[in-house]
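Visitor: Please find entry.pdb (PDB, C-alpha atoms) on the next line:
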```pdb
ATOM      1  CA  MET Y   1      81.240 -52.859-116.421  1.00  0.00           C
ATOM      2  CA  ASN Y   2      80.154 -56.002-118.233  1.00  0.00           C
ATOM      3  CA  TYR Y   3      82.484 -58.867-119.036  1.00  0.00           C
ATOM      4  CA  GLY Y   4      82.447 -61.615-121.618  1.00  0.00           C
ATOM      5  CA  ILE Y   5      84.215 -64.840-120.760  1.00  0.00           C
ATOM      6  CA  PHE Y   6      85.837 -66.490-123.741  1.00  0.00           C
ATOM      7  CA  SER Y   7      87.701 -69.702-124.446  1.00  0.00           C
ATOM      8  CA  SER Y   8      91.144 -69.444-126.021  1.00  0.00           C
ATOM      9  CA  ALA Y   9      89.464 -70.408-129.303  1.00  0.00           C
ATOM     10  CA  GLY Y  10      87.680 -67.061-129.118  1.00  0.00           C
ATOM     11  CA  ASN Y  11      84.238 -68.444-128.380  1.00  0.00           C
ATOM     12  CA  LEU Y  12      81.936 -66.940-125.767  1.00  0.00           C
ATOM     13  CA  ILE Y  13      81.135 -69.059-122.709  1.00  0.00           C
ATOM     14  CA  ALA Y  14      79.553 -66.527-120.305  1.00  0.00           C
ATOM     15  CA  TRP Y  15      78.391 -62.958-119.832  1.00  0.00           C
ATOM     16  CA  CYS Y  16      78.863 -61.247-116.454  1.00  0.00           C
ATOM     17  CA  ASP Y  17      77.583 -57.882-115.269  1.00  0.00           C
ATOM     18  CA  SER Y  18      80.501 -56.979-112.984  1.00  0.00           C
ATOM     19  CA  GLN Y  19      84.186 -57.665-112.464  1.00  0.00           C
ATOM     20  CA  ASP Y  20      83.432 -59.557-109.252  1.00  0.00           C
ATOM     21  CA  ALA Y  21      80.995 -61.827-111.085  1.00  0.00           C
ATOM     22  CA  ALA Y  22      83.540 -62.370-113.860  1.00  0.00           C
ATOM     23  CA  LEU Y  23      86.320 -63.228-111.391  1.00  0.00           C
ATOM     24  CA  ASN Y  24      84.009 -65.640-109.565  1.00  0.00           C
ATOM     25  CA  ALA Y  25      83.019 -67.263-112.846  1.00  0.00           C
ATOM     26  CA  LEU Y  26      86.679 -67.663-113.806  1.00  0.00           C
ATOM     27  CA  ARG Y  27      87.505 -69.206-110.424  1.00  0.00           C
ATOM     28  CA  GLU Y  28      84.618 -71.660-110.796  1.00  0.00           C
ATOM     29  CA  LEU Y  29      85.875 -72.613-114.239  1.00  0.00           C
ATOM     30  CA  VAL Y  30      89.404 -73.166-112.922  1.00  0.00           C
ATOM     31  CA  ASP Y  31      88.084 -75.158-109.947  1.00  0.00           C
ATOM     32  CA  GLU Y  32      86.255 -77.480-112.335  1.00  0.00           C
ATOM     33  CA  GLU Y  33      89.047 -77.604-114.885  1.00  0.00           C
ATOM     34  CA  PRO Y  34      92.441 -76.573-113.441  1.00  0.00           C
ATOM     35  CA  GLU Y  35      94.230 -77.396-116.696  1.00  0.00           C
ATOM     36  CA  ALA Y  36      92.152 -74.688-118.421  1.00  0.00           C
ATOM     37  CA  ALA Y  37      93.401 -71.858-116.166  1.00  0.00           C
ATOM     38  CA  ASP Y  38      95.147 -70.139-119.072  1.00  0.00           C
ATOM     39  CA  GLU Y  39      92.556 -71.193-121.644  1.00  0.00           C
ATOM     40  CA  VAL Y  40      89.693 -69.042-120.360  1.00  0.00           C
ATOM     41  CA  ALA Y  41      89.635 -65.288-119.841  1.00  0.00           C
ATOM     42  CA  ALA Y  42      87.260 -62.483-118.953  1.00  0.00           C
ATOM     43  CA  ILE Y  43      87.287 -59.491-121.273  1.00  0.00           C
ATOM     44  CA  PRO Y  44      85.675 -56.179-120.282  1.00  0.00           C
ATOM     45  CA  VAL Y  45      83.086 -55.083-122.826  1.00  0.00           C
ATOM     46  CA  THR Y  46      81.067 -51.967-123.577  1.00  0.00           C
ATOM     47  CA  GLU Y  47      77.274 -51.898-123.507  1.00  0.00           C
ATOM     48  CA  THR Y  48      77.332 -53.082-127.120  1.00  0.00           C
ATOM     49  CA  GLY Y  49      79.468 -56.069-126.169  1.00  0.00           C
ATOM     50  CA  ARG Y  50      82.619 -54.660-127.786  1.00  0.00           C
ATOM     51  CA  PRO Y  51      85.832 -55.590-125.939  1.00  0.00           C
ATOM     52  CA  CYS Y  52      87.324 -52.527-124.259  1.00  0.00           C
ATOM     53  CA  GLY Y  53      90.228 -53.659-122.108  1.00  0.00           C
ATOM     54  CA  GLU Y  54      92.742 -56.351-121.390  1.00  0.00           C
ATOM     55  CA  ALA Y  55      91.724 -59.933-120.741  1.00  0.00           C
ATOM     56  CA  ILE Y  56      91.926 -61.397-117.233  1.00  0.00           C
ATOM     57  CA  LEU Y  57      93.099 -65.000-117.388  1.00  0.00           C
ATOM     58  CA  GLY Y  58      91.556 -67.701-115.237  1.00  0.00           C
ATOM     59  CA  SER Y  59      94.937 -68.216-113.562  1.00  0.00           C
ATOM     60  CA  ALA Y  60      95.126 -64.513-112.690  1.00  0.00           C
ATOM     61  CA  ALA Y  61      91.656 -64.638-111.119  1.00  0.00           C
ATOM     62  CA  VAL Y  62      92.789 -67.442-108.830  1.00  0.00           C
ATOM     63  CA  GLU Y  63      95.975 -65.551-107.878  1.00  0.00           C
ATOM     64  CA  HIS Y  64      93.893 -62.427-107.219  1.00  0.00           C
ATOM     65  CA  ALA Y  65      91.662 -64.386-104.841  1.00  0.00           C
ATOM     66  CA  THR Y  66      94.716 -65.631-102.937  1.00  0.00           C
ATOM     67  CA  ALA Y  67      96.252 -62.157-102.760  1.00  0.00           C
ATOM     68  CA  VAL Y  68      93.162 -60.453-101.356  1.00  0.00           C
ATOM     69  CA  ARG Y  69      92.542 -63.098 -98.665  1.00  0.00           C
ATOM     70  CA  SER Y  70      92.745 -61.341 -95.266  1.00  0.00           C
ATOM     71  CA  PRO Y  71      95.734 -62.125 -92.984  1.00  0.00           C
ATOM     72  CA  HIS Y  72      93.697 -63.952 -90.316  1.00  0.00           C
ATOM     73  CA  GLN Y  73      92.437 -66.351 -92.997  1.00  0.00           C
ATOM     74  CA  THR Y  74      95.960 -67.128 -94.119  1.00  0.00           C
ATOM     75  CA  PRO Y  75      97.605 -70.050 -92.332  1.00  0.00           C
ATOM     76  CA  PRO Y  76     100.820 -68.954 -90.555  1.00  0.00           C
ATOM     77  CA  SER Y  77     103.833 -69.575 -92.708  1.00  0.00           C
ATOM     78  CA  ALA Y  78     106.836 -71.701 -91.723  1.00  0.00           C
ATOM     79  CA  ALA Y  79     108.797 -68.483 -91.249  1.00  0.00           C
ATOM     80  CA  PHE Y  80     106.245 -67.402 -88.637  1.00  0.00           C
ATOM     81  CA  TYR Y  81     106.797 -70.564 -86.630  1.00  0.00           C
ATOM     82  CA  ASN Y  82     110.585 -70.344 -86.942  1.00  0.00           C
ATOM     83  CA  LEU Y  83     110.541 -66.759 -85.730  1.00  0.00           C
ATOM     84  CA  THR Y  84     108.452 -67.747 -82.716  1.00  0.00           C
ATOM     85  CA  VAL Y  85     110.538 -70.761 -81.716  1.00  0.00           C
ATOM     86  CA  PHE Y  86     113.883 -69.097 -82.088  1.00  0.00           C
ATOM     87  CA  ASP Y  87     112.933 -65.682 -80.730  1.00  0.00           C
ATOM     88  CA  SER Y  88     115.735 -65.024 -78.214  1.00  0.00           C
ATOM     89  CA  ASP Y  89     113.543 -62.737 -76.058  1.00  0.00           C
ATOM     90  CA  THR Y  90     111.280 -65.695 -75.371  1.00  0.00           C
ATOM     91  CA  VAL Y  91     113.618 -68.674 -75.473  1.00  0.00           C
ATOM     92  CA  LEU Y  92     116.584 -67.330 -73.496  1.00  0.00           C
ATOM     93  CA  PRO Y  93     114.656 -66.143 -70.412  1.00  0.00           C
ATOM     94  CA  ALA Y  94     112.778 -69.440 -70.388  1.00  0.00           C
ATOM     95  CA  ALA Y  95     116.032 -71.399 -70.577  1.00  0.00           C
ATOM     96  CA  PHE Y  96     117.553 -69.231 -67.835  1.00  0.00           C
ATOM     97  CA  SER Y  97     114.540 -69.877 -65.592  1.00  0.00           C
ATOM     98  CA  CYS Y  98     114.838 -73.627 -66.109  1.00  0.00           C
ATOM     99  CA  THR Y  99     118.554 -73.502 -65.302  1.00  0.00           C
ATOM    100  CA  VAL Y 100     117.931 -71.549 -62.086  1.00  0.00           C
ATOM    101  CA  ILE Y 101     115.199 -73.939 -60.948  1.00  0.00           C
ATOM    102  CA  LEU Y 102     117.344 -77.014 -61.712  1.00  0.00           C
ATOM    103  CA  THR Y 103     120.309 -75.487 -59.811  1.00  0.00           C
ATOM    104  CA  PHE Y 104     118.238 -75.060 -56.644  1.00  0.00           C
ATOM    105  CA  LEU Y 105     116.846 -78.574 -56.912  1.00  0.00           C
TER
ATOM    106  CA  MET I   1      68.202 -88.944-108.655  1.00  0.00           C
ATOM    107  CA  PRO I   2      67.646 -86.890-111.828  1.00  0.00           C
ATOM    108  CA  LEU I   3      66.953 -83.176-111.472  1.00  0.00           C
ATOM    109  CA  THR I   4      63.336 -82.234-112.037  1.00  0.00           C
ATOM    110  CA  SER I   5      64.025 -78.527-112.577  1.00  0.00           C
ATOM    111  CA  ILE I   6      66.837 -75.981-112.499  1.00  0.00           C
ATOM    112  CA  SER I   7      66.942 -72.196-112.291  1.00  0.00           C
ATOM    113  CA  LEU I   8      68.670 -70.072-114.880  1.00  0.00           C
ATOM    114  CA  PRO I   9      71.999 -68.856-113.501  1.00  0.00           C
ATOM    115  CA  GLU I  10      72.370 -65.091-113.104  1.00  0.00           C
ATOM    116  CA  GLY I  11      73.098 -63.343-116.389  1.00  0.00           C
ATOM    117  CA  VAL I  12      71.843 -66.176-118.572  1.00  0.00           C
ATOM    118  CA  PRO I  13      68.996 -65.063-120.869  1.00  0.00           C
ATOM    119  CA  SER I  14      65.730 -66.955-120.699  1.00  0.00           C
ATOM    120  CA  GLU I  15      65.696 -67.520-124.431  1.00  0.00           C
ATOM    121  CA  LEU I  16      68.056 -67.699-127.366  1.00  0.00           C
ATOM    122  CA  VAL I  17      66.896 -66.657-130.817  1.00  0.00           C
ATOM    123  CA  VAL I  18      68.619 -68.337-133.753  1.00  0.00           C
ATOM    124  CA  GLU I  19      67.857 -67.255-137.294  1.00  0.00           C
ATOM    125  CA  PRO I  20      69.087 -68.520-140.643  1.00  0.00           C
ATOM    126  CA  VAL I  21      71.055 -66.272-142.952  1.00  0.00           C
ATOM    127  CA  LEU I  22      68.471 -65.482-145.636  1.00  0.00           C
ATOM    128  CA  GLU I  23      70.303 -62.591-147.242  1.00  0.00           C
ATOM    129  CA  PRO I  24      73.972 -61.563-147.327  1.00  0.00           C
ATOM    130  CA  ARG I  25      75.355 -60.582-143.934  1.00  0.00           C
ATOM    131  CA  VAL I  26      78.832 -59.500-142.880  1.00  0.00           C
ATOM    132  CA  VAL I  27      80.617 -60.663-139.746  1.00  0.00           C
ATOM    133  CA  PHE I  28      84.237 -60.624-138.580  1.00  0.00           C
ATOM    134  CA  ARG I  29      86.148 -63.400-136.863  1.00  0.00           C
ATOM    135  CA  VAL I  30      89.483 -63.293-135.064  1.00  0.00           C
ATOM    136  CA  THR I  31      91.910 -65.824-136.532  1.00  0.00           C
ATOM    137  CA  PHE I  32      95.539 -66.876-136.730  1.00  0.00           C
ATOM    138  CA  ALA I  33      95.234 -67.378-140.487  1.00  0.00           C
ATOM    139  CA  THR I  34      97.289 -64.820-142.369  1.00  0.00           C
ATOM    140  CA  SER I  35      95.599 -65.143-145.753  1.00  0.00           C
ATOM    141  CA  ARG I  36      92.523 -66.637-147.419  1.00  0.00           C
ATOM    142  CA  HIS I  37      94.759 -69.418-148.694  1.00  0.00           C
ATOM    143  CA  ASP I  38      95.836 -70.434-145.206  1.00  0.00           C
ATOM    144  CA  ARG I  39      93.109 -73.084-145.217  1.00  0.00           C
ATOM    145  CA  GLU I  40      94.318 -75.137-142.266  1.00  0.00           C
ATOM    146  CA  ALA I  41      94.611 -72.190-139.879  1.00  0.00           C
ATOM    147  CA  LEU I  42      91.309 -70.768-141.096  1.00  0.00           C
ATOM    148  CA  LEU I  43      89.443 -74.018-140.542  1.00  0.00           C
ATOM    149  CA  ARG I  44      90.973 -74.329-137.087  1.00  0.00           C
ATOM    150  CA  SER I  45      89.783 -70.844-136.167  1.00  0.00           C
ATOM    151  CA  LEU I  46      86.283 -71.506-137.475  1.00  0.00           C
ATOM    152  CA  THR I  47      85.675 -74.392-135.083  1.00  0.00           C
ATOM    153  CA  SER I  48      83.439 -74.420-132.038  1.00  0.00           C
ATOM    154  CA  ASN I  49      84.444 -75.376-128.529  1.00  0.00           C
ATOM    155  CA  TYR I  50      82.607 -78.680-129.094  1.00  0.00           C
ATOM    156  CA  GLU I  51      84.607 -79.414-132.224  1.00  0.00           C
ATOM    157  CA  LEU I  52      87.765 -78.635-130.263  1.00  0.00           C
ATOM    158  CA  GLN I  53      86.679 -81.338-127.796  1.00  0.00           C
ATOM    159  CA  GLN I  54      86.384 -78.870-124.953  1.00  0.00           C
ATOM    160  CA  ARG I  55      83.875 -79.750-122.268  1.00  0.00           C
ATOM    161  CA  PRO I  56      80.748 -77.564-122.019  1.00  0.00           C
ATOM    162  CA  ARG I  57      81.273 -74.599-119.719  1.00  0.00           C
ATOM    163  CA  LYS I  58      78.972 -72.035-118.129  1.00  0.00           C
ATOM    164  CA  ILE I  59      76.315 -70.906-120.633  1.00  0.00           C
ATOM    165  CA  GLU I  60      77.099 -73.932-122.822  1.00  0.00           C
ATOM    166  CA  LYS I  61      75.669 -76.094-120.033  1.00  0.00           C
ATOM    167  CA  ILE I  62      72.350 -74.246-120.295  1.00  0.00           C
ATOM    168  CA  TYR I  63      72.255 -73.768-124.066  1.00  0.00           C
ATOM    169  CA  SER I  64      74.118 -76.716-125.540  1.00  0.00           C
ATOM    170  CA  VAL I  65      73.729 -75.134-128.986  1.00  0.00           C
ATOM    171  CA  LEU I  66      76.246 -72.488-127.917  1.00  0.00           C
ATOM    172  CA  HIS I  67      78.803 -75.254-127.447  1.00  0.00           C
ATOM    173  CA  PHE I  68      78.516 -75.744-131.221  1.00  0.00           C
ATOM    174  CA  ALA I  69      78.786 -72.034-132.088  1.00  0.00           C
ATOM    175  CA  ILE I  70      81.678 -69.709-132.863  1.00  0.00           C
ATOM    176  CA  SER I  71      81.860 -66.081-131.786  1.00  0.00           C
ATOM    177  CA  THR I  72      81.827 -63.423-134.479  1.00  0.00           C
ATOM    178  CA  TRP I  73      81.525 -59.644-134.479  1.00  0.00           C
ATOM    179  CA  THR I  74      79.347 -57.352-136.526  1.00  0.00           C
ATOM    180  CA  SER I  75      82.073 -54.699-136.863  1.00  0.00           C
ATOM    181  CA  GLU I  76      85.734 -54.961-137.714  1.00  0.00           C
ATOM    182  CA  GLU I  77      86.508 -52.624-134.814  1.00  0.00           C
ATOM    183  CA  ALA I  78      84.942 -55.015-132.328  1.00  0.00           C
ATOM    184  CA  ALA I  79      86.963 -57.915-133.764  1.00  0.00           C
ATOM    185  CA  HIS I  80      90.143 -55.814-133.516  1.00  0.00           C
ATOM    186  CA  ALA I  81      89.299 -54.996-129.914  1.00  0.00           C
ATOM    187  CA  ASN I  82      88.833 -58.715-129.220  1.00  0.00           C
ATOM    188  CA  ALA I  83      92.229 -59.587-130.721  1.00  0.00           C
ATOM    189  CA  ASN I  84      93.918 -56.764-128.825  1.00  0.00           C
ATOM    190  CA  ALA I  85      92.264 -57.738-125.550  1.00  0.00           C
ATOM    191  CA  TRP I  86      93.419 -61.338-125.764  1.00  0.00           C
ATOM    192  CA  PRO I  87      95.989 -62.046-128.508  1.00  0.00           C
ATOM    193  CA  LYS I  88      95.632 -65.768-127.770  1.00  0.00           C
ATOM    194  CA  ASN I  89      92.378 -65.601-129.788  1.00  0.00           C
ATOM    195  CA  GLY I  90      94.250 -64.593-132.922  1.00  0.00           C
ATOM    196  CA  ASP I  91      96.255 -61.854-134.573  1.00  0.00           C
ATOM    197  CA  HIS I  92      94.287 -61.382-137.783  1.00  0.00           C
ATOM    198  CA  ILE I  93      90.703 -60.526-138.656  1.00  0.00           C
ATOM    199  CA  ALA I  94      88.728 -62.499-141.218  1.00  0.00           C
ATOM    200  CA  HIS I  95      86.099 -60.489-143.085  1.00  0.00           C
ATOM    201  CA  VAL I  96      83.306 -62.984-143.702  1.00  0.00           C
ATOM    202  CA  ASP I  97      80.569 -62.319-146.267  1.00  0.00           C
ATOM    203  CA  LEU I  98      77.897 -64.761-145.176  1.00  0.00           C
ATOM    204  CA  LEU I  99      75.892 -66.139-148.066  1.00  0.00           C
ATOM    205  CA  PRO I 100      72.354 -67.486-147.853  1.00  0.00           C
ATOM    206  CA  GLY I 101      71.727 -71.104-148.735  1.00  0.00           C
ATOM    207  CA  LEU I 102      74.716 -72.563-146.902  1.00  0.00           C
ATOM    208  CA  GLY I 103      72.853 -73.479-143.720  1.00  0.00           C
ATOM    209  CA  ILE I 104      74.533 -70.706-141.756  1.00  0.00           C
ATOM    210  CA  CYS I 105      72.652 -69.369-138.713  1.00  0.00           C
ATOM    211  CA  LEU I 106      73.236 -66.448-136.373  1.00  0.00           C
ATOM    212  CA  ASP I 107      71.807 -65.646-132.989  1.00  0.00           C
ATOM    213  CA  ARG I 108      69.816 -62.466-132.467  1.00  0.00           C
ATOM    214  CA  PRO I 109      70.860 -60.903-129.145  1.00  0.00           C
ATOM    215  CA  TRP I 110      69.854 -57.440-127.966  1.00  0.00           C
ATOM    216  CA  GLU I 111      69.655 -54.912-130.762  1.00  0.00           C
ATOM    217  CA  SER I 112      72.879 -52.984-130.169  1.00  0.00           C
ATOM    218  CA  SER I 113      75.042 -56.039-129.534  1.00  0.00           C
ATOM    219  CA  GLU I 114      78.114 -56.354-131.731  1.00  0.00           C
ATOM    220  CA  HIS I 115      78.571 -60.035-130.848  1.00  0.00           C
ATOM    221  CA  ARG I 116      76.964 -62.817-132.855  1.00  0.00           C
ATOM    222  CA  SER I 117      77.141 -66.537-132.271  1.00  0.00           C
ATOM    223  CA  LEU I 118      77.362 -68.326-135.592  1.00  0.00           C
ATOM    224  CA  TRP I 119      76.512 -71.903-136.524  1.00  0.00           C
ATOM    225  CA  ALA I 120      77.740 -73.547-139.695  1.00  0.00           C
ATOM    226  CA  ALA I 121      80.014 -76.253-140.969  1.00  0.00           C
ATOM    227  CA  PRO I 122      83.520 -74.699-140.901  1.00  0.00           C
ATOM    228  CA  ASP I 123      84.136 -75.477-144.582  1.00  0.00           C
ATOM    229  CA  GLN I 124      80.951 -73.601-145.499  1.00  0.00           C
ATOM    230  CA  VAL I 125      82.116 -70.502-143.598  1.00  0.00           C
ATOM    231  CA  LEU I 126      85.508 -70.885-145.251  1.00  0.00           C
ATOM    232  CA  ARG I 127      83.804 -70.288-148.611  1.00  0.00           C
ATOM    233  CA  CYS I 128      82.553 -66.955-147.272  1.00  0.00           C
ATOM    234  CA  VAL I 129      85.898 -65.538-146.121  1.00  0.00           C
ATOM    235  CA  ALA I 130      86.449 -62.498-148.314  1.00  0.00           C
ATOM    236  CA  ASP I 131      89.563 -60.969-146.803  1.00  0.00           C
ATOM    237  CA  ILE I 132      92.024 -61.268-143.932  1.00  0.00           C
ATOM    238  CA  ARG I 133      93.816 -58.347-142.325  1.00  0.00           C
ATOM    239  CA  ASN I 134      96.250 -57.822-139.494  1.00  0.00           C
ATOM    240  CA  ALA I 135      94.589 -57.202-136.153  1.00  0.00           C
TER
END
```
Show me, as structure tokens, the structure contained in the file I just sent.
Guide:
Amino acid sequence: MNYGIFSSAGNLIAWCDSQDAALNALRELVDEEPEAADEVAAIPVTETGRPCGEAILGSAAVEHATAVRSPHQTPPSAAFYNLTVFDSDTVLPAAFSCTVILTFL
Amino acid sequence: MPLTSISLPEGVPSELVVEPVLEPRVVFRVTFATSRHDREALLRSLTSNYELQQRPRKIEKIYSVLHFAISTWTSEEAAHANANAWPKNGDHIAHVDLLPGLGICLDRPWESSEHRSLWAAPDQVLRCVADIRNA
């Protein structure tokens, strides 16, 4: 599927020969011009260049990239750290061990 | 240090053919104007990205002339499809009967393409708007 990338004024700014290429082009545009994230969009087109589906906004392309990032590339969230620190299975035995050692000292 | 050469990015054609309108041609443009008398909205929708003070992007960085162009369609159906795909482009379709002798130029992409880039002073294209319909 081909895509045309248009400005919000309706003027063509790029042709792409796949959805991946169109999403990459949108992300590059948003990287260069973050304020234009909702002012550029990729529209799927037929072989004659006629639009044939819904537009993908630049902002949506960036969100898509974030959503598909694999878990090991994602930095652990604050909730992850909180869960680890306050996990009773880990903290309580450790505290008990410290107490026992201090008692015998 | 200035660049001595660049490569064409993927998908960018190696040439762009621009031809003057020498005989009547018909194109369609998506617009927010609701009638031929809605001059202000029509003029606004007949302006290029350059005239809207947008910076050159993508293919406009290779072919600066495209920064000065507006997108039009050779069929009303294609213009409707454009408006439906992204309503931010407009909710009406201007039927434009291009007249020779006004300095209007169109690109000549591959034969079956329904998209045409158009160059002209907006007020000259305004004279050619024959009708406006809901998208």
Visitor: Near chain Y, which residues of chain I fall within 10 Å when you count all atoms listed in the file, and what do they look like as a ChimeraX atom specification?
Guide: /I:10-13,29-31,44-49,52,54-61,66-75,77-90,110-118
Visitor: If I take atom CA of I:Ala41 and atom CA of I:Val125, how far is one from the other in Å, to one decimal?
Guide: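 Taking atom CA of I:Ala41 and atom CA of I:Val125, their separation equals 13.1 Å.
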Visitor: Between atom CA of I:Arg25 and atom CA of I:Arg108, what is the distance in Å, rounded to a tenth?
Guide: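 We find that atom CA of I:Arg25 and atom CA of I:Arg108 lie 12.9 Å from each other.
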Visitor: Here is a test: counting only C-alpha atoms, which residue of I:Val129, I:Leu102, I:Ala94, I:Ala120 is nearest to I:Phe32?
Guide: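 Closest to I:Phe32 of all the choices is I:Ala94.
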Visitor: Hey, which of I:Asp131, I:Ser7, I:Asp97, I:Leu42 ends up closest to I:Glu23? Count only C-alpha atoms.
Guide: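 Looking only at the distances to I:Glu23, the closest residue turns out to be I:Asp97.
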Visitor: Separation of atom CA of I:Pro122 and atom CA of I:Pro20, in Å?
Guide: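 Atom CA of I:Pro20 lies 15.7 Å from atom CA of I:Pro122.
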Visitor: For the PyMOL selection byres ((chain I and resi 15-17) around 8), applied here, can you spell out every residue it catches as a compact mmCIF listing (two decimals) with C-alpha atoms, keeping the file's coordinate frame?
Guide:
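The new file out14.txt reads:
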```
# COMPACT_ATOMS: atom_id res chain seq x y z
CA PRO I 13 69.00 -65.06 -120.87
CA SER I 14 65.73 -66.96 -120.70
CA VAL I 18 68.62 -68.34 -133.75
CA GLU I 19 67.86 -67.26 -137.29
CA ASP I 107 71.81 -65.65 -132.99
CA ARG I 108 69.82 -62.47 -132.47
CA PRO I 109 70.86 -60.90 -129.15
```
